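Structure file work.tsv; described as TSV, C-alpha atoms and all ligand atoms.
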chain	number	residue	atom	x	y	z
A	1	MET	CA	-158.33	-103.70	-39.15
A	2	SER	CA	-158.72	-107.43	-39.77
A	3	GLU	CA	-162.21	-108.70	-40.54
A	4	GLU	CA	-161.78	-111.75	-38.35
A	5	ILE	CA	-163.48	-111.36	-34.98
A	6	VAL	CA	-161.55	-113.01	-32.18
A	7	VAL	CA	-163.65	-111.97	-29.19
A	8	GLN	CA	-167.31	-111.09	-29.25
A	9	THR	CA	-169.69	-110.39	-26.41
A	10	ARG	CA	-173.44	-110.18	-26.90
A	11	ALA	CA	-175.50	-108.48	-24.20
A	12	LEU	CA	-173.05	-109.99	-21.72
A	13	SER	CA	-174.24	-109.49	-18.15
A	14	LYS	CA	-173.11	-110.64	-14.75
A	15	VAL	CA	-174.84	-110.42	-11.43
A	16	TYR	CA	-172.90	-111.62	-8.41
A	17	ARG	CA	-175.11	-113.28	-5.83
A	18	ASP	CA	-174.47	-113.92	-2.18
A	19	PHE	CA	-174.49	-117.26	-0.39
A	20	TRP	CA	-178.29	-117.33	-0.27
A	21	GLY	CA	-178.65	-116.51	-3.99
A	22	ARG	CA	-179.71	-112.94	-3.31
A	23	GLN	CA	-178.61	-110.40	-5.89
A	24	LYS	CA	-175.52	-108.60	-4.61
A	25	VAL	CA	-173.83	-106.64	-7.38
A	26	ARG	CA	-174.73	-106.05	-11.02
A	27	ALA	CA	-171.12	-106.07	-12.19
A	28	LEU	CA	-171.74	-106.04	-15.95
A	29	LYS	CA	-174.77	-104.82	-17.85
A	30	ALA	CA	-175.49	-106.00	-21.43
A	31	LEU	CA	-172.02	-105.50	-22.87
A	32	ASP	CA	-171.66	-105.68	-26.67
A	33	LEU	CA	-168.08	-105.78	-27.93
A	34	GLU	CA	-166.11	-107.06	-30.89
A	35	VAL	CA	-162.34	-107.44	-30.88
A	36	HIS	CA	-160.65	-108.08	-34.22
A	37	ARG	CA	-157.59	-110.18	-34.95
A	38	GLY	CA	-154.32	-108.27	-34.56
A	39	GLU	CA	-155.61	-105.37	-32.50
A	40	VAL	CA	-154.74	-104.25	-29.00
A	41	PHE	CA	-158.02	-103.59	-27.24
A	42	GLY	CA	-158.19	-101.79	-23.92
A	43	LEU	CA	-160.88	-102.05	-21.27
A	44	LEU	CA	-160.76	-98.92	-19.21
A	45	GLY	CA	-162.65	-97.92	-16.12
A	46	PRO	CA	-162.38	-97.01	-12.47
A	47	ASN	CA	-162.06	-99.61	-9.70
A	48	GLY	CA	-165.05	-101.90	-9.58
A	49	SER	CA	-166.35	-101.00	-13.05
A	50	GLY	CA	-166.40	-104.59	-14.30
A	51	LYS	CA	-163.09	-104.96	-16.19
A	52	THR	CA	-161.87	-108.12	-14.47
A	53	THR	CA	-165.37	-109.56	-14.59
A	54	THR	CA	-165.44	-109.06	-18.39
A	55	ILE	CA	-162.04	-110.74	-18.82
A	56	LYS	CA	-163.07	-113.69	-16.66
A	57	LEU	CA	-166.30	-114.10	-18.63
A	58	ILE	CA	-164.32	-114.10	-21.90
A	59	LEU	CA	-161.99	-116.72	-20.45
A	60	GLY	CA	-164.90	-118.86	-19.32
A	61	LEU	CA	-163.78	-118.64	-15.69
A	62	LEU	CA	-167.17	-117.13	-14.78
A	63	PHE	CA	-170.60	-117.97	-16.15
A	64	PRO	CA	-172.63	-115.06	-17.48
A	65	THR	CA	-176.00	-114.33	-15.86
A	66	SER	CA	-177.30	-113.59	-19.36
A	67	GLY	CA	-175.86	-112.94	-22.80
A	68	GLU	CA	-172.79	-114.70	-24.14
A	69	ALA	CA	-169.10	-114.36	-24.87
A	70	LEU	CA	-167.56	-115.95	-27.97
A	71	VAL	CA	-163.84	-116.59	-28.43
A	72	PHE	CA	-162.65	-117.63	-31.91
A	73	GLY	CA	-166.33	-118.04	-32.73
A	74	LYS	CA	-166.95	-120.58	-29.97
A	75	GLY	CA	-168.64	-120.25	-26.60
A	76	ALA	CA	-166.34	-119.09	-23.79
A	77	ASN	CA	-166.91	-122.39	-21.96
A	78	ASP	CA	-165.43	-124.41	-24.86
A	79	VAL	CA	-162.15	-125.69	-23.40
A	80	GLY	CA	-160.60	-126.24	-26.86
A	81	LYS	CA	-159.91	-122.51	-27.11
A	82	ASN	CA	-157.52	-122.60	-24.14
A	83	GLU	CA	-154.70	-123.88	-26.37
A	84	ARG	CA	-154.75	-120.54	-28.20
A	85	LEU	CA	-155.20	-118.36	-25.14
A	86	GLY	CA	-152.82	-116.67	-22.69
A	87	PHE	CA	-153.91	-114.96	-19.47
A	88	LEU	CA	-152.12	-112.68	-17.05
A	89	PRO	CA	-154.38	-112.42	-13.98
A	90	GLU	CA	-154.61	-109.38	-11.70
A	91	GLU	CA	-152.61	-111.33	-9.14
A	92	SER	CA	-150.42	-114.21	-10.22
A	93	TYR	CA	-150.88	-117.49	-8.41
A	94	LEU	CA	-147.53	-119.13	-9.04
A	95	TYR	CA	-145.64	-121.67	-6.93
A	96	ARG	CA	-143.43	-119.76	-4.54
A	97	PHE	CA	-140.78	-122.47	-4.20
A	98	LEU	CA	-140.08	-122.84	-7.93
A	99	ASN	CA	-137.62	-120.63	-9.79
A	100	ALA	CA	-138.39	-118.90	-13.09
A	101	GLU	CA	-137.11	-121.77	-15.24
A	102	GLU	CA	-138.97	-124.42	-13.27
A	103	THR	CA	-142.18	-122.37	-13.31
A	104	LEU	CA	-142.20	-121.94	-17.07
A	105	ASP	CA	-141.12	-125.52	-17.63
A	106	PHE	CA	-144.07	-126.66	-15.49
A	107	TYR	CA	-146.56	-124.69	-17.58
A	108	ALA	CA	-144.93	-125.79	-20.85
A	109	ARG	CA	-145.46	-129.41	-19.80
A	110	LEU	CA	-149.18	-128.71	-19.30
A	111	PHE	CA	-149.29	-127.85	-23.00
A	112	ASP	CA	-147.52	-131.08	-23.94
A	113	MET	CA	-144.53	-129.36	-25.54
A	114	LYS	CA	-141.64	-131.50	-26.72
A	115	PRO	CA	-138.55	-131.22	-24.46
A	116	GLU	CA	-136.35	-129.41	-27.01
A	117	VAL	CA	-139.10	-126.92	-27.97
A	118	ARG	CA	-139.88	-126.44	-24.28
A	119	GLN	CA	-136.34	-125.59	-23.31
A	120	GLU	CA	-135.93	-123.06	-26.07
A	121	ARG	CA	-139.31	-121.43	-25.41
A	122	VAL	CA	-138.55	-121.11	-21.67
A	123	ASP	CA	-135.15	-119.60	-22.40
A	124	THR	CA	-136.49	-117.10	-24.97
A	125	LEU	CA	-139.32	-115.96	-22.70
A	126	ILE	CA	-137.08	-115.50	-19.65
A	127	LYS	CA	-134.83	-113.24	-21.72
A	128	GLN	CA	-137.78	-111.43	-23.30
A	129	VAL	CA	-139.26	-110.45	-19.94
A	130	GLY	CA	-135.86	-109.40	-18.55
A	131	LEU	CA	-135.45	-112.09	-15.87
A	132	ASP	CA	-132.24	-113.63	-17.19
A	133	ARG	CA	-130.25	-112.75	-14.08
A	134	ALA	CA	-132.96	-114.02	-11.72
A	135	ARG	CA	-133.83	-117.24	-13.55
A	136	LYS	CA	-132.55	-119.51	-10.75
A	137	ARG	CA	-134.12	-117.59	-7.85
A	138	GLN	CA	-137.26	-118.83	-6.12
A	139	LEU	CA	-140.35	-116.78	-6.93
A	140	GLN	CA	-140.95	-116.06	-3.24
A	141	GLU	CA	-137.90	-113.77	-3.40
A	142	TYR	CA	-139.23	-111.83	-6.38
A	143	SER	CA	-140.25	-108.19	-6.18
A	144	LYS	CA	-143.73	-107.15	-7.36
A	145	GLY	CA	-142.44	-106.12	-10.78
A	146	MET	CA	-140.47	-109.34	-11.23
A	147	THR	CA	-143.58	-111.34	-10.33
A	148	ARG	CA	-145.51	-109.43	-13.01
A	149	ARG	CA	-142.81	-110.29	-15.55
A	150	ILE	CA	-142.82	-114.01	-14.80
A	151	GLY	CA	-146.63	-113.86	-14.96
A	152	LEU	CA	-146.43	-112.49	-18.48
A	153	ALA	CA	-143.91	-115.14	-19.52
A	154	GLN	CA	-146.26	-117.79	-18.15
A	155	ALA	CA	-149.16	-116.29	-20.13
A	156	LEU	CA	-147.12	-116.53	-23.34
A	157	ILE	CA	-145.73	-120.04	-22.84
A	158	ASN	CA	-148.06	-121.66	-25.41
A	159	ASN	CA	-147.43	-118.92	-28.00
A	160	PRO	CA	-151.13	-117.92	-27.82
A	161	ASP	CA	-153.07	-116.10	-30.55
A	162	LEU	CA	-155.13	-114.19	-28.00
A	163	VAL	CA	-153.61	-112.71	-24.85
A	164	LEU	CA	-155.73	-111.31	-22.02
A	165	LEU	CA	-153.84	-109.06	-19.63
A	166	ASP	CA	-155.45	-107.83	-16.40
A	167	GLU	CA	-153.58	-104.69	-15.26
A	168	PRO	CA	-150.29	-105.65	-16.97
A	169	THR	CA	-148.34	-102.64	-15.71
A	170	SER	CA	-149.48	-102.67	-12.08
A	171	GLY	CA	-146.49	-102.72	-9.74
A	172	LEU	CA	-143.97	-102.00	-12.48
A	173	ASP	CA	-141.49	-99.12	-12.34
A	174	PRO	CA	-141.32	-96.75	-15.34
A	175	ILE	CA	-138.69	-98.90	-17.05
A	176	GLY	CA	-140.70	-102.06	-16.47
A	177	THR	CA	-143.83	-100.25	-17.68
A	178	ARG	CA	-142.10	-99.16	-20.87
A	179	GLU	CA	-140.80	-102.71	-21.42
A	180	MET	CA	-144.26	-104.18	-20.82
A	181	LYS	CA	-145.74	-101.74	-23.33
A	182	ASP	CA	-143.02	-102.64	-25.85
A	183	MET	CA	-143.77	-106.33	-25.30
A	184	ILE	CA	-147.47	-105.72	-25.93
A	185	LEU	CA	-146.65	-103.88	-29.16
A	186	ARG	CA	-144.33	-106.74	-30.17
A	187	LEU	CA	-147.22	-109.19	-29.69
A	188	LYS	CA	-149.30	-107.02	-31.98
A	189	ASP	CA	-146.50	-107.01	-34.59
A	190	GLU	CA	-146.54	-110.79	-34.45
A	191	GLY	CA	-150.21	-110.63	-35.43
A	192	LYS	CA	-151.58	-111.57	-32.03
A	193	THR	CA	-154.69	-110.12	-30.47
A	194	VAL	CA	-154.39	-108.48	-27.07
A	195	VAL	CA	-157.20	-107.54	-24.71
A	196	MET	CA	-155.93	-105.65	-21.68
A	197	CYS	CA	-157.57	-103.79	-18.88
A	198	SER	CA	-156.18	-100.99	-16.81
A	199	HIS	CA	-157.03	-97.80	-15.04
A	200	LEU	CA	-153.67	-96.27	-15.94
A	201	LEU	CA	-154.73	-94.02	-18.76
A	202	ALA	CA	-151.28	-93.28	-20.18
A	203	ASP	CA	-150.51	-96.98	-20.60
A	204	VAL	CA	-153.72	-97.60	-22.45
A	205	GLN	CA	-153.21	-94.55	-24.66
A	206	ASP	CA	-149.72	-95.69	-25.67
A	207	VAL	CA	-150.54	-99.23	-26.79
A	208	CYS	CA	-154.24	-99.65	-27.54
A	209	ASP	CA	-155.82	-99.30	-30.97
A	210	ARG	CA	-159.34	-99.20	-29.60
A	211	ILE	CA	-160.79	-98.85	-26.13
A	212	ALA	CA	-164.01	-99.42	-24.28
A	213	ILE	CA	-164.68	-97.31	-21.22
A	214	LEU	CA	-166.77	-98.98	-18.53
A	215	HIS	CA	-168.43	-97.35	-15.56
A	216	GLN	CA	-170.47	-99.28	-13.02
A	217	GLY	CA	-170.71	-102.18	-15.45
A	218	GLU	CA	-172.01	-100.12	-18.34
A	219	LEU	CA	-170.26	-99.35	-21.61
A	220	LYS	CA	-169.85	-95.59	-21.78
A	221	GLU	CA	-167.57	-95.10	-24.77
A	222	LEU	CA	-166.10	-97.26	-27.52
A	223	GLY	CA	-163.78	-96.30	-30.33
A	224	ARG	CA	-160.32	-95.76	-31.71
A	225	VAL	CA	-157.97	-94.09	-29.25
A	226	ASP	CA	-156.62	-91.60	-31.82
A	227	THR	CA	-160.14	-90.55	-32.87
A	228	LEU	CA	-161.44	-90.28	-29.32
A	229	LEU	CA	-158.48	-88.13	-28.28
A	230	THR	CA	-158.33	-85.83	-31.29
A	231	VAL	CA	-159.33	-82.28	-30.45
A	232	ALA	CA	-160.82	-81.40	-33.82
A	233	ASP	CA	-160.82	-77.61	-33.59
A	234	VAL	CA	-157.24	-77.12	-32.38
A	235	THR	CA	-154.16	-77.25	-34.66
A	236	GLN	CA	-150.77	-78.06	-33.20
A	237	ILE	CA	-147.58	-77.02	-35.03
A	238	ARG	CA	-144.09	-78.05	-33.89
A	239	ALA	CA	-141.10	-76.31	-35.47
A	240	ARG	CA	-137.39	-75.88	-34.76
A	241	GLY	CA	-135.17	-72.81	-35.22
A	242	LEU	CA	-137.80	-70.06	-35.50
A	243	SER	CA	-136.44	-66.54	-35.00
A	244	PRO	CA	-138.41	-64.07	-32.81
A	245	ASP	CA	-139.38	-62.21	-36.02
A	246	CYS	CA	-140.76	-65.36	-37.55
A	247	GLN	CA	-142.73	-66.12	-34.37
A	248	ASN	CA	-144.22	-62.62	-34.48
A	249	GLU	CA	-145.18	-63.14	-38.09
A	250	ILE	CA	-146.95	-66.38	-37.19
A	251	ARG	CA	-148.87	-64.53	-34.45
A	252	ASP	CA	-149.92	-61.92	-37.06
A	253	VAL	CA	-151.07	-64.56	-39.55
A	254	ILE	CA	-153.17	-66.28	-36.89
A	255	SER	CA	-154.86	-63.08	-35.81
A	256	ARG	CA	-155.40	-61.94	-39.44
A	257	HIS	CA	-157.34	-65.16	-40.02
A	258	GLN	CA	-159.41	-64.64	-36.84
A	259	GLY	CA	-157.72	-67.61	-35.14
A	260	GLU	CA	-156.92	-67.67	-31.45
A	261	LEU	CA	-153.29	-68.27	-30.47
A	262	MET	CA	-153.56	-70.54	-27.45
A	263	GLU	CA	-149.89	-71.26	-26.82
A	264	MET	CA	-146.50	-70.68	-28.39
A	265	ALA	CA	-143.81	-72.02	-26.07
A	266	ASN	CA	-140.92	-74.43	-25.73
A	267	PRO	CA	-142.23	-77.92	-25.00
A	268	THR	CA	-141.38	-79.64	-21.75
A	269	THR	CA	-140.36	-83.27	-21.71
A	270	THR	CA	-142.44	-85.75	-19.74
A	271	LEU	CA	-141.35	-87.00	-16.34
A	272	GLU	CA	-141.26	-90.48	-17.88
A	273	GLU	CA	-138.72	-89.38	-20.53
A	274	LEU	CA	-136.63	-87.58	-17.92
A	275	PHE	CA	-136.67	-90.59	-15.57
A	276	LEU	CA	-135.69	-93.02	-18.33
A	277	SER	CA	-132.84	-90.83	-19.58
A	278	ILE	CA	-131.46	-90.46	-16.03
A	279	VAL	CA	-131.55	-94.22	-15.42
A	280	ARG	CA	-129.92	-94.96	-18.81
A	281	ASP	CA	-127.24	-92.36	-18.09
A	282	SER	CA	-126.61	-93.89	-14.67
A	283	GLU	CA	-126.17	-97.34	-16.24
A	284	ALA	CA	-123.71	-95.94	-18.79
A	285	ARG	CA	-121.74	-93.94	-16.21
A	286	PRO	CA	-122.07	-95.60	-12.82
A	287	GLY	CA	-120.94	-93.66	-9.79
A	288	ARG	CA	-121.84	-90.20	-11.05
A	289	ARG	CA	-124.07	-88.30	-8.66
A	290	ALA	CA	-126.33	-85.34	-9.09
A	291	LYS	CA	-125.00	-82.04	-7.90
A	292	VAL	CA	-127.14	-80.97	-5.00
A	293	GLU	CA	-128.05	-77.34	-5.13
A	294	LYS	CA	-126.81	-75.57	-2.04
A	295	PRO	CA	-129.35	-73.30	-0.40
A	296	ALA	CA	-128.45	-69.64	-0.79
A	297	GLU	CA	-126.50	-68.43	2.20
A	298	ALA	CA	-128.66	-66.54	4.61
A	299	SER	CA	-127.77	-62.89	4.62
A	300	PRO	CA	-126.48	-61.74	7.98
A	301	LYS	CA	-129.04	-59.97	10.04
A	302	THR	CA	-128.44	-56.32	10.46
B	401	LIG	N1	-166.66	-112.69	-6.54
B	401	LIG	C1	-167.38	-111.59	-6.39
B	401	LIG	N2	-168.47	-111.58	-5.58
B	401	LIG	C2	-169.22	-110.48	-5.42
B	401	LIG	N3	-168.99	-109.31	-6.05
B	401	LIG	C3	-167.94	-109.26	-6.87
B	401	LIG	C4	-167.06	-110.38	-7.09
B	401	LIG	N4	-166.08	-110.02	-7.96
B	401	LIG	C5	-166.33	-108.72	-8.28
B	401	LIG	N5	-167.43	-108.26	-7.64
B	401	LIG	C6	-168.02	-106.91	-7.78
B	401	LIG	O1	-168.27	-106.65	-9.14
B	401	LIG	C7	-167.95	-105.31	-9.46
B	401	LIG	C8	-166.95	-105.30	-10.59
B	401	LIG	O2	-165.74	-105.88	-10.15
B	401	LIG	P1	-164.46	-106.11	-11.07
B	401	LIG	O3	-163.46	-106.89	-10.30
B	401	LIG	O4	-164.90	-106.66	-12.38
B	401	LIG	O5	-163.95	-104.60	-11.28
B	401	LIG	P2	-162.64	-104.01	-11.97
B	401	LIG	O6	-163.11	-103.04	-12.98
B	401	LIG	O7	-161.75	-105.11	-12.41
B	401	LIG	O8	-161.97	-103.21	-10.77
B	401	LIG	P3	-160.43	-102.98	-10.35
B	401	LIG	O9	-159.95	-101.82	-11.16
B	401	LIG	O10	-160.50	-102.65	-8.91
B	401	LIG	O11	-159.68	-104.25	-10.61
B	401	LIG	C9	-167.46	-104.67	-8.17
B	401	LIG	O12	-168.53	-103.98	-7.60
B	401	LIG	C10	-167.07	-105.85	-7.30
B	401	LIG	O13	-167.26	-105.58	-5.94
B	402	MG	MG	-159.87	-105.71	-11.88
Show me this structure written as structure tokens.
Ligand SMILES: Nc1ncnc2c1ncn2[C@@H]1O[C@H](COP(=O)(O)OP(=O)(O)OP(=O)(O)O)[C@@H](O)[C@H]1O
Ligand SMILES: [Mg+2]
Amino acid sequence: MSEEIVVQTRALSKVYRDFWGRQKVRALKALDLEVHRGEVFGLLGPNGSGKTTTIKLILGLLFPTSGEALVFGKGANDVGKNERLGFLPEESYLYRFLNAEETLDFYARLFDMKPEVRQERVDTLIKQVGLDRARKRQLQEYSKGMTRRIGLAQALINNPDLVLLDEPTSGLDPIGTREMKDMILRLKDEGKTVVMCSHLLADVQDVCDRIAILHQGELKELGRVDTLLTVADVTQIRARGLSPDCQNEIRDVISRHQGELMEMANPTTTLEELFLSIVRDSEARPGRRAKVEKPAEASPKT
């Protein structure tokens, strides 16, 4: 893990107040976090636990009630950091009447990119997020998943060092989800730092190096995903081509050593794997349909 700290929060707290300044919700309570360069960090927690609030405080879109957030060593309200930052909000607020190319071109101009660099960046990103075929369509015609993809492209337009993603996989189908996860891992390979939040546990498990679990604004757990998920006292062995005799022998060895055999079975694939293989197969061989099992014929009543 790199020594360089990209995001740091110190006793970061947020209280939302109502119109009259009365305390309404304590959304975040004294959060201490450090995110290092090059890691994918996940904020996890149920609805309303303070994930979006944390991201907005890091971005400087909200002011903390107390404590502070530092990005690249500077206060979150320092606008200089925005050059190095990308943000995918929970809901994208993009112009409905622009198409994908125009949208990205618009944001590239905000970052003062030269025309030739701009064109190439827009083109690369559109391909990267899988919107090549829809690049000339207005965003108002986009499906939820397509909107998420253009949102990600927009977040990456300035080739940021730190990317904050609020629920990146929400609204995506399993293929889109897999692609989004691959894109996040690609960002990590490029040495970028990613902070994402989600309540979809599988997504977080697949891409994050470390996670923080929030509940009602409080940090409940913090650590490496692999360490947190390791069940220390259980050993898992996967082998191919074992004869029944060999399996019996293994059972004997385990019992001789006072171990407890919990399971010896053929693994099942995940629904995600099954779904992806069916869709890939359908793309390779269009027109083929599943055989529908006919119900067994009812036996005539006697
Ligand atoms: N602008 C606001 N005014 C008042 N309360 C707010 C505001 N924004 C968020 N809250 C409250 O702060 C708490 C944390 O909200 P936050 O949006 O950070 O949660 P979250 O973890 O992102 O949830 P979700 O998974 O639903 O996106 C909630 O109780 C929410 O009602
Ligand atoms: Mg949220």
Using 7 Å as the limit and counting only C-alpha atoms and all ligand atoms, can you tabulate each residue of chain A that touches ligand MG 402 (chain B), with its shortest atom-to-atom distance in Å and the two atoms involved, as JSON lines?
{"residue": "A:Asn47", "atom": "CA", "partner": "B:MG402", "partner_atom": "MG", "distance": 6.8}
{"residue": "A:Gly48", "atom": "CA", "partner": "B:MG402", "partner_atom": "MG", "distance": 6.8}
{"residue": "A:Lys51", "atom": "CA", "partner": "B:MG402", "partner_atom": "MG", "distance": 5.4}
{"residue": "A:Thr52", "atom": "CA", "partner": "B:MG402", "partner_atom": "MG", "distance": 4.1}
{"residue": "A:Glu90", "atom": "CA", "partner": "B:MG402", "partner_atom": "MG", "distance": 6.4}
{"residue": "A:Asp166", "atom": "CA", "partner": "B:MG402", "partner_atom": "MG", "distance": 6.7}
Mind running chain A against ligand LIG 401 (chain B) at 7 Å and telling me each contacting residue's nearest atom pair with the distance in Å (one decimal), counting only C-alpha atoms and all ligand atoms, chain and number ascending, as CSV?
residue,atom,partner,partner_atom,distance
A:Tyr16,CA,B:LIG401,C2,4.9
A:Arg17,CA,B:LIG401,C2,6.5
A:Lys24,CA,B:LIG401,C2,6.6
A:Val25,CA,B:LIG401,N3,5.7
A:Arg26,CA,B:LIG401,O1,6.8
A:Ala27,CA,B:LIG401,O1,4.2
A:Gly45,CA,B:LIG401,O6,6.0
A:Pro46,CA,B:LIG401,O9,5.5
A:Asn47,CA,B:LIG401,O9,3.4
A:Gly48,CA,B:LIG401,O5,3.4
A:Ser49,CA,B:LIG401,O6,3.8
A:Gly50,CA,B:LIG401,O4,3.2
A:Lys51,CA,B:LIG401,O6,3.7
A:Thr52,CA,B:LIG401,O7,3.6
A:Thr53,CA,B:LIG401,O4,3.7
A:Thr54,CA,B:LIG401,O4,6.5
A:Ser198,CA,B:LIG401,O9,6.8
A:His199,CA,B:LIG401,O9,6.3
A:Gly217,CA,B:LIG401,C8,6.9
Just give me the residues with any atom within 12 Å of (-145.7, -103.2, -28.4), file coordinates, counting all atoms listed in the file, written as a ChimeraX atom specification. /A:38-40,177-194,203-204,206-209
Could you name the residues that touch segment 271-287 of chain A at 10 Å or less, counting all atoms listed in the file, but leaving out those on the same chain fewer than 2 positions away, as a ChimeraX atom specification? /A:174-175,178,268-269,289-290
Hey, what's within 9 Å of Phe97 of chain A if we count only C-alpha atoms and toss same-chain stuff fewer than 2 positions away? As a count of residues only, please? 6
As a check of understanding: the span from atom CA of Asp123 of chain A to atom CA of Ile150 of chain A is 12.2 Å
